[in-house]
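> Okay, so here is model32.pdb, and as you'll see once you scroll down, it has PDB, C-alpha atoms.
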MODEL        1
ATOM      1  CA  MET M   1      -8.747   7.830 -20.558  1.00  0.00           C
ATOM      2  CA  THR M   2      -6.578   6.332 -17.853  1.00  0.00           C
ATOM      3  CA  GLN M   3      -7.812   3.689 -15.473  1.00  0.00           C
ATOM      4  CA  LYS M   4      -7.800   6.184 -12.619  1.00  0.00           C
ATOM      5  CA  THR M   5      -9.934   8.664 -14.557  1.00  0.00           C
ATOM      6  CA  ALA M   6     -12.331   5.948 -15.658  1.00  0.00           C
ATOM      7  CA  LEU M   7     -12.668   4.626 -12.115  1.00  0.00           C
ATOM      8  CA  LEU M   8     -13.284   8.085 -10.672  1.00  0.00           C
ATOM      9  CA  SER M   9     -15.823   8.848 -13.411  1.00  0.00           C
ATOM     10  CA  LEU M  10     -17.708   5.628 -12.750  1.00  0.00           C
ATOM     11  CA  THR M  11     -17.642   6.317  -9.020  1.00  0.00           C
ATOM     12  CA  ALA M  12     -19.016   9.828  -9.534  1.00  0.00           C
ATOM     13  CA  VAL M  13     -21.766   8.574 -11.862  1.00  0.00           C
ATOM     14  CA  GLY M  14     -22.658   5.890  -9.329  1.00  0.00           C
ATOM     15  CA  ILE M  15     -22.860   8.390  -6.493  1.00  0.00           C
ATOM     16  CA  PHE M  16     -25.027  10.818  -8.447  1.00  0.00           C
ATOM     17  CA  SER M  17     -27.265   7.970  -9.567  1.00  0.00           C
ATOM     18  CA  LEU M  18     -27.611   6.745  -6.000  1.00  0.00           C
ATOM     19  CA  VAL M  19     -28.480  10.203  -4.698  1.00  0.00           C
ATOM     20  CA  GLY M  20     -30.968  10.715  -7.543  1.00  0.00           C
ATOM     21  CA  TYR M  21     -32.602   7.354  -6.926  1.00  0.00           C
ATOM     22  CA  LEU M  22     -32.814   7.841  -3.182  1.00  0.00           C
ATOM     23  CA  SER M  23     -34.209  11.363  -3.425  1.00  0.00           C
ATOM     24  CA  ARG M  24     -36.702  10.418  -6.141  1.00  0.00           C
ATOM     25  CA  ASN M  25     -38.041   7.492  -4.122  1.00  0.00           C
ATOM     26  CA  LYS M  26     -38.329   9.645  -0.987  1.00  0.00           C
ATOM     27  CA  ILE M  27     -35.705   7.614   0.799  1.00  0.00           C
ATOM     28  CA  ILE M  28     -33.668  10.759   1.217  1.00  0.00           C
ATOM     29  CA  GLU M  29     -36.072  13.388   2.427  1.00  0.00           C
ATOM     30  CA  SER M  30     -33.713  16.174   3.290  1.00  0.00           C
ATOM     31  CA  GLY M  31     -30.682  17.822   1.827  1.00  0.00           C
ATOM     32  CA  GLU M  32     -28.715  16.715   4.877  1.00  0.00           C
ATOM     33  CA  LYS M  33     -28.744  13.086   3.777  1.00  0.00           C
ATOM     34  CA  ALA M  34     -27.548  14.091   0.322  1.00  0.00           C
ATOM     35  CA  LYS M  35     -24.771  16.143   1.908  1.00  0.00           C
ATOM     36  CA  GLU M  36     -23.789  13.135   4.001  1.00  0.00           C
ATOM     37  CA  VAL M  37     -23.601  10.951   0.906  1.00  0.00           C
ATOM     38  CA  PHE M  38     -21.499  13.547  -0.917  1.00  0.00           C
ATOM     39  CA  ALA M  39     -19.231  13.948   2.120  1.00  0.00           C
ATOM     40  CA  SER M  40     -18.789  10.179   2.300  1.00  0.00           C
ATOM     41  CA  ALA M  41     -18.016  10.034  -1.411  1.00  0.00           C
ATOM     42  CA  LYS M  42     -15.473  12.821  -1.021  1.00  0.00           C
ATOM     43  CA  THR M  43     -13.843  10.956   1.852  1.00  0.00           C
ATOM     44  CA  VAL M  44     -13.615   7.806  -0.268  1.00  0.00           C
ATOM     45  CA  LYS M  45     -12.087   9.772  -3.148  1.00  0.00           C
ATOM     46  CA  ASN M  46      -9.534  11.420  -0.838  1.00  0.00           C
ATOM     47  CA  SER M  47      -8.636   8.049   0.652  1.00  0.00           C
ATOM     48  CA  TYR M  48      -8.237   6.605  -2.833  1.00  0.00           C
ATOM     49  CA  ASP M  49      -5.972   9.503  -3.837  1.00  0.00           C
ATOM     50  CA  ASN M  50      -3.895   9.038  -0.673  1.00  0.00           C
ATOM     51  CA  LEU M  51      -3.596   5.336  -1.424  1.00  0.00           C
ATOM     52  CA  LEU M  52      -2.363   6.033  -4.955  1.00  0.00           C
ATOM     53  CA  GLU M  53       0.125   8.555  -3.582  1.00  0.00           C
ATOM     54  CA  SER M  54       1.427   6.026  -1.049  1.00  0.00           C
ATOM     55  CA  ILE M  55       1.768   3.373  -3.748  1.00  0.00           C
ATOM     56  CA  GLU M  56       3.813   5.779  -5.872  1.00  0.00           C
ATOM     57  CA  LYS M  57       6.088   6.539  -2.905  1.00  0.00           C
ATOM     58  CA  LEU M  58       6.604   2.822  -2.322  1.00  0.00           C
ATOM     59  CA  LYS M  59       7.393   2.290  -6.009  1.00  0.00           C
ATOM     60  CA  LYS M  60      10.010   5.058  -5.825  1.00  0.00           C
ATOM     61  CA  GLU M  61      11.581   3.574  -2.686  1.00  0.00           C
ATOM     62  CA  LEU M  62      11.726   0.023  -4.015  1.00  0.00           C
ATOM     63  CA  PRO M  63      15.036   0.427  -5.902  1.00  0.00           C
ATOM     64  CA  ASN M  64      16.651   1.946  -2.794  1.00  0.00           C
ATOM     65  CA  SER M  65      15.358  -0.927  -0.691  1.00  0.00           C
ATOM     66  CA  GLN M  66      16.640  -3.493  -3.179  1.00  0.00           C
ATOM     67  CA  LYS M  67      20.050  -1.821  -3.136  1.00  0.00           C
ATOM     68  CA  ARG M  68      20.158  -1.891   0.680  1.00  0.00           C
ATOM     69  CA  ILE M  69      19.056  -5.546   0.754  1.00  0.00           C
ATOM     70  CA  GLU M  70      21.876  -6.454  -1.625  1.00  0.00           C
ATOM     71  CA  GLU M  71      24.382  -4.553   0.537  1.00  0.00           C
ATOM     72  CA  LEU M  72      23.186  -6.362   3.663  1.00  0.00           C
ATOM     73  CA  SER M  73      23.347  -9.700   1.885  1.00  0.00           C
ATOM     74  CA  THR M  74      26.947  -9.022   0.864  1.00  0.00           C
ATOM     75  CA  ILE M  75      27.891  -7.981   4.404  1.00  0.00           C
ATOM     76  CA  ILE M  76      26.277 -11.111   5.857  1.00  0.00           C
ATOM     77  CA  SER M  77      28.079 -13.327   3.352  1.00  0.00           C
ATOM     78  CA  GLU M  78      31.416 -11.716   4.239  1.00  0.00           C
ATOM     79  CA  TYR M  79      30.716 -12.139   7.945  1.00  0.00           C
ATOM     80  CA  GLN M  80      29.794 -15.796   7.488  1.00  0.00           C
ATOM     81  CA  PHE M  81      32.994 -16.339   5.502  1.00  0.00           C
ATOM     82  CA  LYS M  82      35.066 -14.715   8.271  1.00  0.00           C
ATOM     83  CA  ILE M  83      33.504 -16.714  11.108  1.00  0.00           C
ATOM     84  CA  LYS M  84      33.357 -20.055   9.278  1.00  0.00           C
ATOM     85  CA  ASN M  85      36.897 -20.984  10.333  1.00  0.00           C
ATOM     86  CA  ASN M  86      36.112 -20.199  13.969  1.00  0.00           C
ATOM     87  CA  LEU M  87      32.896 -22.209  13.824  1.00  0.00           C
ATOM     88  CA  ASP M  88      34.813 -25.165  12.389  1.00  0.00           C
ATOM     89  CA  ASN M  89      37.321 -24.935  15.246  1.00  0.00           C
ATOM     90  CA  ILE M  90      34.520 -24.808  17.816  1.00  0.00           C
ATOM     91  CA  THR M  91      32.889 -27.850  16.218  1.00  0.00           C
ATOM     92  CA  LYS M  92      36.190 -29.779  16.324  1.00  0.00           C
ATOM     93  CA  PHE M  93      36.680 -28.818  19.941  1.00  0.00           C
ATOM     94  CA  GLN M  94      33.182 -30.016  20.828  1.00  0.00           C
ATOM     95  CA  GLU M  95      33.751 -33.307  19.043  1.00  0.00           C
ATOM     96  CA  ASN M  96      36.965 -33.906  21.002  1.00  0.00           C
ATOM     97  CA  LEU M  97      35.202 -33.438  24.321  1.00  0.00           C
TER      98      LEU M  97
ENDMDL
END
Would you write the structure of this file as C-alpha cells?

Amino acid sequence: MTQKTALLSLTAVGIFSLVGYLSRNKIIESGEKAKEVFASAKTVKNSYDNLLESIEKLKKELPNSQKRIEELSTIISEYQFKIKNNLDNITKFQENL
C-alpha cells in the first residue's frame, strides 16, 4: 500500500467515524449536515489530488529549470568576462581623476 493510498484510507475512515459519532450522539440531526461533511471531505480529497498533481508537474519541470539556470549562469559569466576589461579601464580613469 502506497503512502497516498494509506493516507486516503485513513482520511476516509476518519470521516466515516466522525459522521457516525456525530449522528449517533444527535449532534448531526439531519442528513444535510452529513452531506455537508461528505462534501467537505470530497473537497479536501480533490485539493489533495490537485496538490499531488502540481508537485509532479514541478518535479518534471525541475530538470528543465536546472538546465536553463546553467545556461544563464554561463551567459552571465561570459558577459562578465567581456566587460571586465572595460570596467578595469573605467576604474583606472576614475583613479586618475
> Env of Lys45 of chain M: 10 Å cut, atoms = only C-alpha atoms, seq-sep filter 6 positions within chain, self excluded. Answer as a ChimeraX atom specification.
/M:8,11-12,39,51
> Selected residues, C-alpha atoms, written as a compact mmCIF listing (two decimals), in the frame of the given file, please.

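The resulting file, selection-v9.txt, is reproduced below:
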# COMPACT_ATOMS: atom_id res chain seq x y z
CA LEU M 8 -13.28 8.09 -10.67
CA THR M 11 -17.64 6.32 -9.02
CA ALA M 12 -19.02 9.83 -9.53
CA ALA M 39 -19.23 13.95 2.12
CA LEU M 51 -3.60 5.34 -1.42
> In Å, with one decimal, what is the gap from atom CA of Gln80 of chain M to atom CA of Asn64 of chain M?
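According to the coordinates, atom CA of Gln80 of chain M and atom CA of Asn64 of chain M are separated by 24.4 Å.
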> Which is closer to Tyr21 of chain M than all the others in M:Asn50, M:Ala34, M:Arg68, M:Leu62, using only C-alpha atoms?
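Smallest separation from Tyr21 of chain M among the options: M:Ala34.
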> In Å, rounded to a single decimal, give me how far atom CA of Val37 of chain M is from atom CA of Ile15 of chain M.
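Calculated distance between atom CA of Ile15 of chain M and atom CA of Val37 of chain M is 7.9 Å.
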> Given the choices M:Val19, M:Glu61, M:Glu95, M:Thr74, which gets closest to Ala41 of chain M if the distance is worked out from all atoms listed in the file?
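Checking each candidate against Ala41 of chain M, we get M:Val19 as the closest.
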> One number please: atom CA of Lys4 of chain M to atom CA of Leu58 of chain M, in Å, one decimal.
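Atom CA of Lys4 of chain M sits 18.0 Å away from atom CA of Leu58 of chain M.
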> Report the centre and edge lengths, in Å to one decimal, of an axis-aligned box enclosing every atom of segment 72-88 of chain M listed in the file, padded by 8 Å on each side, as JSON.

{"center_x": 30.0, "center_y": -15.8, "center_z": 7.4, "size_x": 29.7, "size_y": 34.8, "size_z": 29.1}
